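Peer 1: Please find structure14.pdb (PDB, C-alpha atoms and all ligand atoms) on the next line:
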```pdb
ATOM      1  CA  MET W   1       4.980   1.016  19.440  1.00  0.00           C
ATOM      2  CA  ALA W   2       5.258   2.832  16.133  1.00  0.00           C
ATOM      3  CA  ASP W   3       5.798   6.548  16.538  1.00  0.00           C
ATOM      4  CA  SER W   4       4.892   7.346  12.959  1.00  0.00           C
ATOM      5  CA  VAL W   5       2.021   6.467  10.676  1.00  0.00           C
ATOM      6  CA  LYS W   6       1.380   6.738   6.961  1.00  0.00           C
ATOM      7  CA  ILE W   7      -2.192   7.365   5.878  1.00  0.00           C
ATOM      8  CA  LEU W   8      -2.712   6.092   2.325  1.00  0.00           C
ATOM      9  CA  VAL W   9      -5.616   7.681   0.493  1.00  0.00           C
ATOM     10  CA  GLY W  10      -7.771   6.262  -2.301  1.00  0.00           C
ATOM     11  CA  THR W  11     -10.282   8.832  -3.491  1.00  0.00           C
ATOM     12  CA  MET W  12     -12.227  10.048  -6.485  1.00  0.00           C
ATOM     13  CA  THR W  13     -13.742  13.308  -5.275  1.00  0.00           C
ATOM     14  CA  GLY W  14     -11.605  14.101  -2.240  1.00  0.00           C
ATOM     15  CA  THR W  15     -13.800  12.994   0.660  1.00  0.00           C
ATOM     16  CA  ALA W  16     -11.332  10.340   1.804  1.00  0.00           C
ATOM     17  CA  GLU W  17      -8.653  13.026   1.851  1.00  0.00           C
ATOM     18  CA  LEU W  18     -10.727  15.115   4.273  1.00  0.00           C
ATOM     19  CA  VAL W  19     -11.032  12.025   6.453  1.00  0.00           C
ATOM     20  CA  ALA W  20      -7.275  11.481   6.287  1.00  0.00           C
ATOM     21  CA  ASP W  21      -6.700  15.090   7.414  1.00  0.00           C
ATOM     22  CA  GLU W  22      -8.878  14.492  10.496  1.00  0.00           C
ATOM     23  CA  ILE W  23      -7.174  11.217  11.324  1.00  0.00           C
ATOM     24  CA  ALA W  24      -3.740  12.835  10.928  1.00  0.00           C
ATOM     25  CA  GLU W  25      -4.705  15.641  13.277  1.00  0.00           C
ATOM     26  CA  VAL W  26      -5.814  13.230  16.005  1.00  0.00           C
ATOM     27  CA  LEU W  27      -2.731  11.039  15.698  1.00  0.00           C
ATOM     28  CA  THR W  28      -0.426  14.050  15.641  1.00  0.00           C
ATOM     29  CA  ASP W  29      -2.036  15.250  18.877  1.00  0.00           C
ATOM     30  CA  LYS W  30      -1.237  11.820  20.328  1.00  0.00           C
ATOM     31  CA  GLY W  31       2.416  12.401  19.474  1.00  0.00           C
ATOM     32  CA  MET W  32       2.715  10.402  16.272  1.00  0.00           C
ATOM     33  CA  ALA W  33       4.300  11.755  13.108  1.00  0.00           C
ATOM     34  CA  ALA W  34       1.507  11.380  10.559  1.00  0.00           C
ATOM     35  CA  GLU W  35       2.076  11.546   6.828  1.00  0.00           C
ATOM     36  CA  ILE W  36      -0.721  11.528   4.229  1.00  0.00           C
ATOM     37  CA  GLU W  37       0.007  10.023   0.825  1.00  0.00           C
ATOM     38  CA  LEU W  38      -2.396   9.787  -2.097  1.00  0.00           C
ATOM     39  CA  MET W  39      -2.231   6.288  -3.579  1.00  0.00           C
ATOM     40  CA  ASP W  40      -1.659   7.595  -7.130  1.00  0.00           C
ATOM     41  CA  ASP W  41       2.060   6.914  -7.320  1.00  0.00           C
ATOM     42  CA  LEU W  42       2.388   4.203  -4.690  1.00  0.00           C
ATOM     43  CA  ASP W  43       3.449   0.631  -5.146  1.00  0.00           C
ATOM     44  CA  ALA W  44       4.198  -2.239  -2.776  1.00  0.00           C
ATOM     45  CA  GLY W  45       7.480  -0.543  -1.846  1.00  0.00           C
ATOM     46  CA  VAL W  46       5.662   1.848   0.500  1.00  0.00           C
ATOM     47  CA  PHE W  47       5.492  -1.051   2.980  1.00  0.00           C
ATOM     48  CA  ALA W  48       9.165  -1.984   2.643  1.00  0.00           C
ATOM     49  CA  ASP W  49      10.189  -0.804   6.106  1.00  0.00           C
ATOM     50  CA  GLY W  50       7.029  -2.034   7.868  1.00  0.00           C
ATOM     51  CA  GLY W  51       5.410   0.176  10.523  1.00  0.00           C
ATOM     52  CA  ALA W  52       1.936   1.596  11.038  1.00  0.00           C
ATOM     53  CA  PHE W  53      -0.423   2.460   8.191  1.00  0.00           C
ATOM     54  CA  ILE W  54      -4.008   3.535   7.693  1.00  0.00           C
ATOM     55  CA  ILE W  55      -5.855   2.757   4.487  1.00  0.00           C
ATOM     56  CA  CYS W  56      -8.438   5.415   3.832  1.00  0.00           C
ATOM     57  CA  THR W  57     -10.382   4.652   0.669  1.00  0.00           C
ATOM     58  CA  SER W  58     -13.754   5.031  -0.994  1.00  0.00           C
ATOM     59  CA  THR W  59     -15.520   2.592  -3.355  1.00  0.00           C
ATOM     60  CA  TYR W  60     -16.680   2.969  -6.959  1.00  0.00           C
ATOM     61  CA  GLY W  61     -18.034   0.926  -9.852  1.00  0.00           C
ATOM     62  CA  GLN W  62     -18.846  -2.659  -8.935  1.00  0.00           C
ATOM     63  CA  GLY W  63     -17.155  -2.522  -5.554  1.00  0.00           C
ATOM     64  CA  ASP W  64     -13.898  -1.270  -7.025  1.00  0.00           C
ATOM     65  CA  VAL W  65     -11.252   0.841  -5.414  1.00  0.00           C
ATOM     66  CA  PRO W  66     -11.053   4.405  -6.813  1.00  0.00           C
ATOM     67  CA  ASP W  67      -9.031   4.986  -9.994  1.00  0.00           C
ATOM     68  CA  ASN W  68      -6.076   6.389  -8.084  1.00  0.00           C
ATOM     69  CA  ALA W  69      -5.812   3.168  -6.040  1.00  0.00           C
ATOM     70  CA  HIS W  70      -5.940   0.559  -8.824  1.00  0.00           C
ATOM     71  CA  ALA W  71      -2.246   0.379  -9.662  1.00  0.00           C
ATOM     72  CA  PHE W  72      -1.286   0.258  -5.985  1.00  0.00           C
ATOM     73  CA  LEU W  73      -3.656  -2.621  -5.187  1.00  0.00           C
ATOM     74  CA  GLU W  74      -2.541  -4.503  -8.295  1.00  0.00           C
ATOM     75  CA  SER W  75       1.100  -4.028  -7.342  1.00  0.00           C
ATOM     76  CA  LEU W  76       0.426  -5.667  -3.971  1.00  0.00           C
ATOM     77  CA  LYS W  77      -1.395  -8.603  -5.560  1.00  0.00           C
ATOM     78  CA  GLU W  78       1.328  -9.071  -8.150  1.00  0.00           C
ATOM     79  CA  LYS W  79       4.459  -8.641  -6.053  1.00  0.00           C
ATOM     80  CA  LYS W  80       3.067 -10.352  -2.939  1.00  0.00           C
ATOM     81  CA  PRO W  81       5.523  -8.753  -0.503  1.00  0.00           C
ATOM     82  CA  ASP W  82       5.819 -10.197   2.996  1.00  0.00           C
ATOM     83  CA  LEU W  83       4.015  -7.628   5.135  1.00  0.00           C
ATOM     84  CA  ALA W  84       4.526  -9.298   8.516  1.00  0.00           C
ATOM     85  CA  ALA W  85       6.056  -6.071   9.850  1.00  0.00           C
ATOM     86  CA  VAL W  86       3.016  -3.987   8.881  1.00  0.00           C
ATOM     87  CA  ARG W  87       0.252  -2.928  11.300  1.00  0.00           C
ATOM     88  CA  TYR W  88      -2.694  -1.214   9.699  1.00  0.00           C
ATOM     89  CA  GLY W  89      -6.188   0.152  10.090  1.00  0.00           C
ATOM     90  CA  VAL W  90      -8.931   0.699   7.516  1.00  0.00           C
ATOM     91  CA  PHE W  91     -11.334   3.612   7.191  1.00  0.00           C
ATOM     92  CA  ALA W  92     -13.617   2.712   4.287  1.00  0.00           C
ATOM     93  CA  LEU W  93     -15.993   5.182   2.672  1.00  0.00           C
ATOM     94  CA  GLY W  94     -19.077   3.928   0.897  1.00  0.00           C
ATOM     95  CA  ASP W  95     -22.804   4.248   0.464  1.00  0.00           C
ATOM     96  CA  MET W  96     -25.432   1.682   1.520  1.00  0.00           C
ATOM     97  CA  THR W  97     -27.374   2.566  -1.620  1.00  0.00           C
ATOM     98  CA  TYR W  98     -24.839   0.214  -3.210  1.00  0.00           C
ATOM     99  CA  ALA W  99     -25.849  -2.592  -0.845  1.00  0.00           C
ATOM    100  CA  GLN W 100     -24.109  -5.404  -2.749  1.00  0.00           C
ATOM    101  CA  THR W 101     -20.756  -3.664  -2.761  1.00  0.00           C
ATOM    102  CA  PHE W 102     -20.921  -1.527   0.366  1.00  0.00           C
ATOM    103  CA  CYS W 103     -17.415  -0.337   1.251  1.00  0.00           C
ATOM    104  CA  PHE W 104     -15.794  -3.058  -0.856  1.00  0.00           C
ATOM    105  CA  GLY W 105     -12.875  -0.754  -1.703  1.00  0.00           C
ATOM    106  CA  GLY W 106     -11.741  -0.856   1.903  1.00  0.00           C
ATOM    107  CA  ARG W 107     -12.542  -4.542   2.123  1.00  0.00           C
ATOM    108  CA  GLN W 108     -10.332  -5.314  -0.885  1.00  0.00           C
ATOM    109  CA  PHE W 109      -7.363  -3.664   0.808  1.00  0.00           C
ATOM    110  CA  ASP W 110      -8.133  -5.362   4.121  1.00  0.00           C
ATOM    111  CA  GLU W 111      -8.263  -8.812   2.530  1.00  0.00           C
ATOM    112  CA  THR W 112      -5.147  -8.251   0.442  1.00  0.00           C
ATOM    113  CA  LEU W 113      -3.075  -6.944   3.344  1.00  0.00           C
ATOM    114  CA  GLN W 114      -4.164  -9.859   5.554  1.00  0.00           C
ATOM    115  CA  GLU W 115      -3.234 -12.334   2.834  1.00  0.00           C
ATOM    116  CA  LEU W 116       0.226 -10.790   2.735  1.00  0.00           C
ATOM    117  CA  GLY W 117       0.713 -11.226   6.474  1.00  0.00           C
ATOM    118  CA  ALA W 118       0.014  -7.694   7.683  1.00  0.00           C
ATOM    119  CA  ARG W 119      -1.791  -7.417  11.031  1.00  0.00           C
ATOM    120  CA  ARG W 120      -4.905  -5.274  11.260  1.00  0.00           C
ATOM    121  CA  VAL W 121      -5.279  -3.181  14.375  1.00  0.00           C
ATOM    122  CA  GLY W 122      -8.822  -2.270  15.458  1.00  0.00           C
ATOM    123  CA  ALA W 123     -12.062  -2.758  13.570  1.00  0.00           C
ATOM    124  CA  VAL W 124     -12.612  -1.626  10.000  1.00  0.00           C
ATOM    125  CA  MET W 125     -14.675   1.555   9.882  1.00  0.00           C
ATOM    126  CA  ASN W 126     -17.328   1.378   7.154  1.00  0.00           C
ATOM    127  CA  HIS W 127     -18.810   4.818   6.656  1.00  0.00           C
ATOM    128  CA  ASN W 128     -22.210   5.030   4.980  1.00  0.00           C
ATOM    129  CA  ALA W 129     -22.650   8.273   3.033  1.00  0.00           C
ATOM    130  CA  ALA W 130     -26.432   7.660   2.942  1.00  0.00           C
ATOM    131  CA  SER W 131     -26.567   7.871   6.738  1.00  0.00           C
ATOM    132  CA  GLY W 132     -26.446  11.644   6.590  1.00  0.00           C
ATOM    133  CA  SER W 133     -23.328  11.869   8.736  1.00  0.00           C
ATOM    134  CA  LEU W 134     -20.105  13.188   7.262  1.00  0.00           C
ATOM    135  CA  PRO W 135     -17.215  10.734   7.327  1.00  0.00           C
ATOM    136  CA  GLU W 136     -14.782  13.457   8.379  1.00  0.00           C
ATOM    137  CA  ASP W 137     -16.984  14.034  11.451  1.00  0.00           C
ATOM    138  CA  GLU W 138     -16.661  10.371  12.437  1.00  0.00           C
ATOM    139  CA  ALA W 139     -12.977  10.140  11.684  1.00  0.00           C
ATOM    140  CA  ALA W 140     -11.702  11.708  14.907  1.00  0.00           C
ATOM    141  CA  ASP W 141     -13.456   9.198  17.191  1.00  0.00           C
ATOM    142  CA  TRP W 142     -12.376   6.296  15.029  1.00  0.00           C
ATOM    143  CA  ALA W 143      -8.767   7.542  14.978  1.00  0.00           C
ATOM    144  CA  ALA W 144      -8.684   7.867  18.771  1.00  0.00           C
ATOM    145  CA  GLY W 145      -9.945   4.283  19.094  1.00  0.00           C
ATOM    146  CA  TRP W 146      -7.434   3.070  16.533  1.00  0.00           C
ATOM    147  CA  TYR W 147      -4.603   4.709  18.431  1.00  0.00           C
ATOM    148  CA  GLU W 148      -5.659   2.908  21.624  1.00  0.00           C
ATOM    149  CA  ALA W 149      -5.789  -0.398  19.762  1.00  0.00           C
ATOM    150  CA  LEU W 150      -2.340   0.223  18.281  1.00  0.00           C
ATOM    151  CA  THR W 151      -0.939   0.959  21.705  1.00  0.00           C
ATOM    152  CA  GLU W 152      -2.428  -2.241  23.098  1.00  0.00           C
ATOM    153  CA  ALA W 153      -1.249  -4.304  20.137  1.00  0.00           C
ATOM    154  CA  ALA W 154       2.366  -3.228  20.563  1.00  0.00           C
TER     155      ALA W 154
HETATM  156  C1  LIG W 201     -20.564   6.409  -9.393  1.00  0.00           C
HETATM  157  C2  LIG W 201     -20.429   6.011  -7.957  1.00  0.00           C
HETATM  158  C3  LIG W 201     -20.290   4.667  -7.627  1.00  0.00           C
HETATM  159  C4  LIG W 201     -20.194   4.266  -6.283  1.00  0.00           C
HETATM  160  N1  LIG W 201     -20.106   2.930  -5.984  1.00  0.00           N
HETATM  161  C5  LIG W 201     -20.090   2.542  -4.686  1.00  0.00           C
HETATM  162  C6  LIG W 201     -20.087   1.156  -4.332  1.00  0.00           C
HETATM  163  O1  LIG W 201     -20.070   0.259  -5.178  1.00  0.00           O
HETATM  164  N2  LIG W 201     -20.080   0.828  -3.003  1.00  0.00           N
HETATM  165  C7  LIG W 201     -20.093   1.769  -2.015  1.00  0.00           C
HETATM  166  O2  LIG W 201     -20.098   1.408  -0.829  1.00  0.00           O
HETATM  167  N3  LIG W 201     -20.086   3.099  -2.321  1.00  0.00           N
HETATM  168  C8  LIG W 201     -20.079   3.513  -3.624  1.00  0.00           C
HETATM  169  N4  LIG W 201     -20.103   4.855  -3.926  1.00  0.00           N
HETATM  170  C9  LIG W 201     -20.086   5.853  -2.826  1.00  0.00           C
HETATM  171  C10 LIG W 201     -18.716   6.484  -2.573  1.00  0.00           C
HETATM  172  O3  LIG W 201     -17.723   5.528  -2.239  1.00  0.00           O
HETATM  173  C11 LIG W 201     -18.857   7.490  -1.400  1.00  0.00           C
HETATM  174  O4  LIG W 201     -19.710   8.541  -1.817  1.00  0.00           O
HETATM  175  C12 LIG W 201     -17.559   8.069  -0.892  1.00  0.00           C
HETATM  176  O5  LIG W 201     -17.830   8.862   0.251  1.00  0.00           O
HETATM  177  C13 LIG W 201     -16.828   8.938  -1.914  1.00  0.00           C
HETATM  178  O6  LIG W 201     -15.562   9.273  -1.385  1.00  0.00           O
HETATM  179  P1  LIG W 201     -14.438  10.032  -2.245  1.00  0.00           P
HETATM  180  O7  LIG W 201     -14.904  11.445  -2.462  1.00  0.00           O
HETATM  181  O8  LIG W 201     -13.221  10.010  -1.367  1.00  0.00           O
HETATM  182  O9  LIG W 201     -14.192   9.283  -3.514  1.00  0.00           O
HETATM  183  C14 LIG W 201     -20.193   5.260  -5.247  1.00  0.00           C
HETATM  184  C15 LIG W 201     -20.318   6.620  -5.607  1.00  0.00           C
HETATM  185  C16 LIG W 201     -20.440   7.001  -6.924  1.00  0.00           C
HETATM  186  C17 LIG W 201     -20.585   8.470  -7.257  1.00  0.00           C
END
```
Can the structure from this file be put into structure tokens for me?
Ligand SMILES: Cc1cc2nc3c(=O)[nH]c(=O)nc-3n(C[C@H](O)[C@H](O)[C@H](O)COP(=O)(O)O)c2cc1C
Peer 2:
Amino acid sequence: MADSVKILVGTMTGTAELVADEIAEVLTDKGMAAEIELMDDLDAGVFADGGAFIICTSTYGQGDVPDNAHAFLESLKEKKPDLAAVRYGVFALGDMTYAQTFCFGGRQFDETLQELGARRVGAVMNHNAASGSLPEDEAADWAAGWYEALTEAA
């Protein structure tokens, strides 16, 4: 099983980064080396060596990924790397007020990674900001479940 994980963050106002901090804390406690990277300067090369990844992203506009995630997502669609050696999870942040595009940012990454051969571990978490709960409060439970799923998938 992977002993390290990269948590890739797409965010506009920083909430997804708070979620990533929580996830990193849980996975570090489990003994993994967890690294958080904002998507700003990423391209498809981040997946070059395979391994375990978590996509942690919000949604804006008409179901778009946040500004800092656009170039990264486009790079994946353009370069179409073979991601067979990638295992990943998705923590999507959204708001049910936008019912037609709820958590589509996370969904876009999920679909793209699957198309490129990456294997998702665990269920996608779709957090609804209108629910009144804070996503960072739900992140620890989700991360613990994701870790179990990763262990079983190995
Ligand atoms: C202008 C605007 C547009 C949004 N559009 C969507 C959307 O289309 N779908 C969705 O699920 N959430 C949408 N949201 C909700 C955000 O994704 C959600 O509040 C998220 O927690 C913000 O996380 P961040 O601070 O990491 O960017 C939108 C929020 C704003 C302010």
Peer 1: Check which residues fall inside 6 Å of ligand LIG 201 (chain W) when counting all atoms listed in the file, and print them as a PyMOL selection string.
Peer 2: chain W and resi 11-16+58-63+93-96+98+101-103+129
Peer 1: Please write the residues picked by the PyMOL selection byres (((chain W and resi 38) around 7) and not hetatm) on this file as a short mmCIF file (atom, residue, chain, number, x, y, z; two decimals) with C-alpha atoms, keeping the file's coordinate frame.
Peer 2:
```cif
data_model
loop_
_atom_site.label_atom_id
_atom_site.label_comp_id
_atom_site.auth_asym_id
_atom_site.auth_seq_id
_atom_site.Cartn_x
_atom_site.Cartn_y
_atom_site.Cartn_z
CA LEU W 8 -2.71 6.09 2.33
CA VAL W 9 -5.62 7.68 0.49
CA GLY W 10 -7.77 6.26 -2.30
CA ILE W 36 -0.72 11.53 4.23
CA GLU W 37 0.01 10.02 0.82
CA MET W 39 -2.23 6.29 -3.58
CA ASP W 40 -1.66 7.60 -7.13
#
```
Peer 1: Residue by residue, what does the PyMOL selection byres (((chain W and resi 19-27) around 10) and not hetatm) grab here? Present the result as a PDB file with C-alpha atoms, keeping the file's coordinate frame.
Peer 2:
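Result file follows (out06.pdb):
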```pdb
ATOM      1  CA  ASP W   3       5.798   6.548  16.538  1.00  0.00           C
ATOM      2  CA  SER W   4       4.892   7.346  12.959  1.00  0.00           C
ATOM      3  CA  VAL W   5       2.021   6.467  10.676  1.00  0.00           C
ATOM      4  CA  LYS W   6       1.380   6.738   6.961  1.00  0.00           C
ATOM      5  CA  ILE W   7      -2.192   7.365   5.878  1.00  0.00           C
ATOM      6  CA  LEU W   8      -2.712   6.092   2.325  1.00  0.00           C
ATOM      7  CA  VAL W   9      -5.616   7.681   0.493  1.00  0.00           C
ATOM      8  CA  GLY W  14     -11.605  14.101  -2.240  1.00  0.00           C
ATOM      9  CA  THR W  15     -13.800  12.994   0.660  1.00  0.00           C
ATOM     10  CA  ALA W  16     -11.332  10.340   1.804  1.00  0.00           C
ATOM     11  CA  GLU W  17      -8.653  13.026   1.851  1.00  0.00           C
ATOM     12  CA  LEU W  18     -10.727  15.115   4.273  1.00  0.00           C
ATOM     13  CA  THR W  28      -0.426  14.050  15.641  1.00  0.00           C
ATOM     14  CA  ASP W  29      -2.036  15.250  18.877  1.00  0.00           C
ATOM     15  CA  LYS W  30      -1.237  11.820  20.328  1.00  0.00           C
ATOM     16  CA  GLY W  31       2.416  12.401  19.474  1.00  0.00           C
ATOM     17  CA  MET W  32       2.715  10.402  16.272  1.00  0.00           C
ATOM     18  CA  ALA W  33       4.300  11.755  13.108  1.00  0.00           C
ATOM     19  CA  ALA W  34       1.507  11.380  10.559  1.00  0.00           C
ATOM     20  CA  GLU W  35       2.076  11.546   6.828  1.00  0.00           C
ATOM     21  CA  ILE W  36      -0.721  11.528   4.229  1.00  0.00           C
ATOM     22  CA  GLU W  37       0.007  10.023   0.825  1.00  0.00           C
ATOM     23  CA  LEU W  38      -2.396   9.787  -2.097  1.00  0.00           C
ATOM     24  CA  ILE W  54      -4.008   3.535   7.693  1.00  0.00           C
ATOM     25  CA  ILE W  55      -5.855   2.757   4.487  1.00  0.00           C
ATOM     26  CA  CYS W  56      -8.438   5.415   3.832  1.00  0.00           C
ATOM     27  CA  THR W  57     -10.382   4.652   0.669  1.00  0.00           C
ATOM     28  CA  PHE W  91     -11.334   3.612   7.191  1.00  0.00           C
ATOM     29  CA  ALA W  92     -13.617   2.712   4.287  1.00  0.00           C
ATOM     30  CA  LEU W  93     -15.993   5.182   2.672  1.00  0.00           C
ATOM     31  CA  LEU W 134     -20.105  13.188   7.262  1.00  0.00           C
ATOM     32  CA  PRO W 135     -17.215  10.734   7.327  1.00  0.00           C
ATOM     33  CA  GLU W 136     -14.782  13.457   8.379  1.00  0.00           C
ATOM     34  CA  ASP W 137     -16.984  14.034  11.451  1.00  0.00           C
ATOM     35  CA  GLU W 138     -16.661  10.371  12.437  1.00  0.00           C
ATOM     36  CA  ALA W 139     -12.977  10.140  11.684  1.00  0.00           C
ATOM     37  CA  ALA W 140     -11.702  11.708  14.907  1.00  0.00           C
ATOM     38  CA  ASP W 141     -13.456   9.198  17.191  1.00  0.00           C
ATOM     39  CA  TRP W 142     -12.376   6.296  15.029  1.00  0.00           C
ATOM     40  CA  ALA W 143      -8.767   7.542  14.978  1.00  0.00           C
ATOM     41  CA  ALA W 144      -8.684   7.867  18.771  1.00  0.00           C
ATOM     42  CA  TRP W 146      -7.434   3.070  16.533  1.00  0.00           C
ATOM     43  CA  TYR W 147      -4.603   4.709  18.431  1.00  0.00           C
TER      44      TYR W 147
END
```
Peer 1: Can you tell me how far atom CA of Val121 of chain W sits from atom CA of Pro66 of chain W, in Å to one decimal?
Peer 2: 23.2 Å
Peer 1: Which of these residues is nearest to Arg119 of chain W, using only C-alpha atoms: W:Leu83, W:Ala99, W:Ala2, W:Ala149?
Peer 2: W:Leu83
Peer 1: Find the spatial neighbours of Gln114 of chain W, counting all atoms listed in the file, within a cut-off of 12 Å - ignore same-chain residues fewer than 5 positions away - and output them as an MDAnalysis selection string.
Peer 2: chainID W and resid 76:77 80:90 107:109 119:121
Peer 1: Take every atom of segment 63-74 of chain W listed in the file, fit an axis-aligned box around them, add 6 Å per side, and give the centre and edge lengths in Å to one decimal as AutoDock Vina command-line options.
Peer 2:
```
--center_x -9.2 --center_y 0.9 --center_z -7.6 --size_x 27.9 --size_y 22.9 --size_z 16.8
```
Peer 1: Quick one, how far is atom CA of Ala71 of chain W from atom CA of Gly105 of chain W?
Peer 2: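 Distance between the two atoms: 13.3 Å.
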Peer 1: Counting all atoms listed in the file, what is within 12 Å of Lys79 of chain W, bar same-chain residues fewer than 5 positions away, as a PyMOL selection string?
Peer 2: chain W and resi 43-45+47-48+71-74+112+116
Peer 1: Smallest atom-to-atom distance to Ala123 of chain W: which of W:Thr97, W:Phe104, W:Ser75, W:Glu148, using all atoms listed in the file?
Peer 2: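 The closest residue to Ala123 of chain W is W:Glu148.
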Peer 1: Enter the distance from atom CA of Gly145 of chain W to atom CA of Gly122 of chain W, in Å, rounded to one decimal.
Peer 2: 7.6 Å
Peer 1: Starting from the block above, write segment 55-71 of chain W out to a file with N, CA and C atoms, as a PDB file, in the first residue's frame, please.
Peer 2:
```pdb
ATOM      1  N   ILE W  55      -8.110  14.444  -4.374  1.00  0.00           N
ATOM      2  CA  ILE W  55      -8.532  15.690  -5.004  1.00  0.00           C
ATOM      3  C   ILE W  55      -9.512  16.359  -4.057  1.00  0.00           C
ATOM      4  N   CYS W  56      -9.189  17.576  -3.691  1.00  0.00           N
ATOM      5  CA  CYS W  56     -10.021  18.304  -2.743  1.00  0.00           C
ATOM      6  C   CYS W  56     -10.361  19.634  -3.410  1.00  0.00           C
ATOM      7  N   THR W  57     -11.586  19.735  -3.951  1.00  0.00           N
ATOM      8  CA  THR W  57     -11.879  20.925  -4.755  1.00  0.00           C
ATOM      9  C   THR W  57     -13.309  21.413  -4.579  1.00  0.00           C
ATOM     10  N   SER W  58     -13.476  22.724  -4.696  1.00  0.00           N
ATOM     11  CA  SER W  58     -14.801  23.319  -4.669  1.00  0.00           C
ATOM     12  C   SER W  58     -15.309  23.484  -6.107  1.00  0.00           C
ATOM     13  N   THR W  59     -16.456  24.147  -6.244  1.00  0.00           N
ATOM     14  CA  THR W  59     -17.110  24.346  -7.542  1.00  0.00           C
ATOM     15  C   THR W  59     -17.531  25.799  -7.669  1.00  0.00           C
ATOM     16  N   TYR W  60     -17.384  26.356  -8.875  1.00  0.00           N
ATOM     17  CA  TYR W  60     -17.816  27.737  -9.116  1.00  0.00           C
ATOM     18  C   TYR W  60     -18.472  27.847 -10.477  1.00  0.00           C
ATOM     19  N   GLY W  61     -19.001  29.030 -10.763  1.00  0.00           N
ATOM     20  CA  GLY W  61     -19.568  29.300 -12.094  1.00  0.00           C
ATOM     21  C   GLY W  61     -20.651  28.307 -12.448  1.00  0.00           C
ATOM     22  N   GLN W  62     -20.617  27.834 -13.671  1.00  0.00           N
ATOM     23  CA  GLN W  62     -21.598  26.835 -14.133  1.00  0.00           C
ATOM     24  C   GLN W  62     -21.021  25.436 -13.933  1.00  0.00           C
ATOM     25  N   GLY W  63     -20.758  25.088 -12.678  1.00  0.00           N
ATOM     26  CA  GLY W  63     -20.204  23.767 -12.417  1.00  0.00           C
ATOM     27  C   GLY W  63     -18.726  23.650 -12.747  1.00  0.00           C
ATOM     28  N   ASP W  64     -18.053  24.781 -12.744  1.00  0.00           N
ATOM     29  CA  ASP W  64     -16.619  24.798 -13.071  1.00  0.00           C
ATOM     30  C   ASP W  64     -15.758  24.461 -11.868  1.00  0.00           C
ATOM     31  N   VAL W  65     -14.532  24.073 -12.163  1.00  0.00           N
ATOM     32  CA  VAL W  65     -13.540  23.973 -11.098  1.00  0.00           C
ATOM     33  C   VAL W  65     -13.100  25.398 -10.751  1.00  0.00           C
ATOM     34  N   PRO W  66     -12.529  25.623  -9.580  1.00  0.00           N
ATOM     35  CA  PRO W  66     -12.059  26.970  -9.219  1.00  0.00           C
ATOM     36  C   PRO W  66     -10.953  27.448 -10.170  1.00  0.00           C
ATOM     37  N   ASP W  67     -10.747  28.746 -10.204  1.00  0.00           N
ATOM     38  CA  ASP W  67      -9.739  29.326 -11.119  1.00  0.00           C
ATOM     39  C   ASP W  67      -8.384  28.639 -10.993  1.00  0.00           C
ATOM     40  N   ASN W  68      -7.979  28.331  -9.767  1.00  0.00           N
ATOM     41  CA  ASN W  68      -6.629  27.800  -9.587  1.00  0.00           C
ATOM     42  C   ASN W  68      -6.504  26.352 -10.046  1.00  0.00           C
ATOM     43  N   ALA W  69      -7.627  25.758 -10.489  1.00  0.00           N
ATOM     44  CA  ALA W  69      -7.606  24.354 -10.926  1.00  0.00           C
ATOM     45  C   ALA W  69      -7.760  24.200 -12.433  1.00  0.00           C
ATOM     46  N   HIS W  70      -8.108  25.300 -13.122  1.00  0.00           N
ATOM     47  CA  HIS W  70      -8.402  25.214 -14.560  1.00  0.00           C
ATOM     48  C   HIS W  70      -7.254  24.646 -15.376  1.00  0.00           C
ATOM     49  N   ALA W  71      -6.080  25.247 -15.211  1.00  0.00           N
ATOM     50  CA  ALA W  71      -4.932  24.854 -16.047  1.00  0.00           C
ATOM     51  C   ALA W  71      -4.567  23.388 -15.794  1.00  0.00           C
TER      52      ALA W  71
END
```
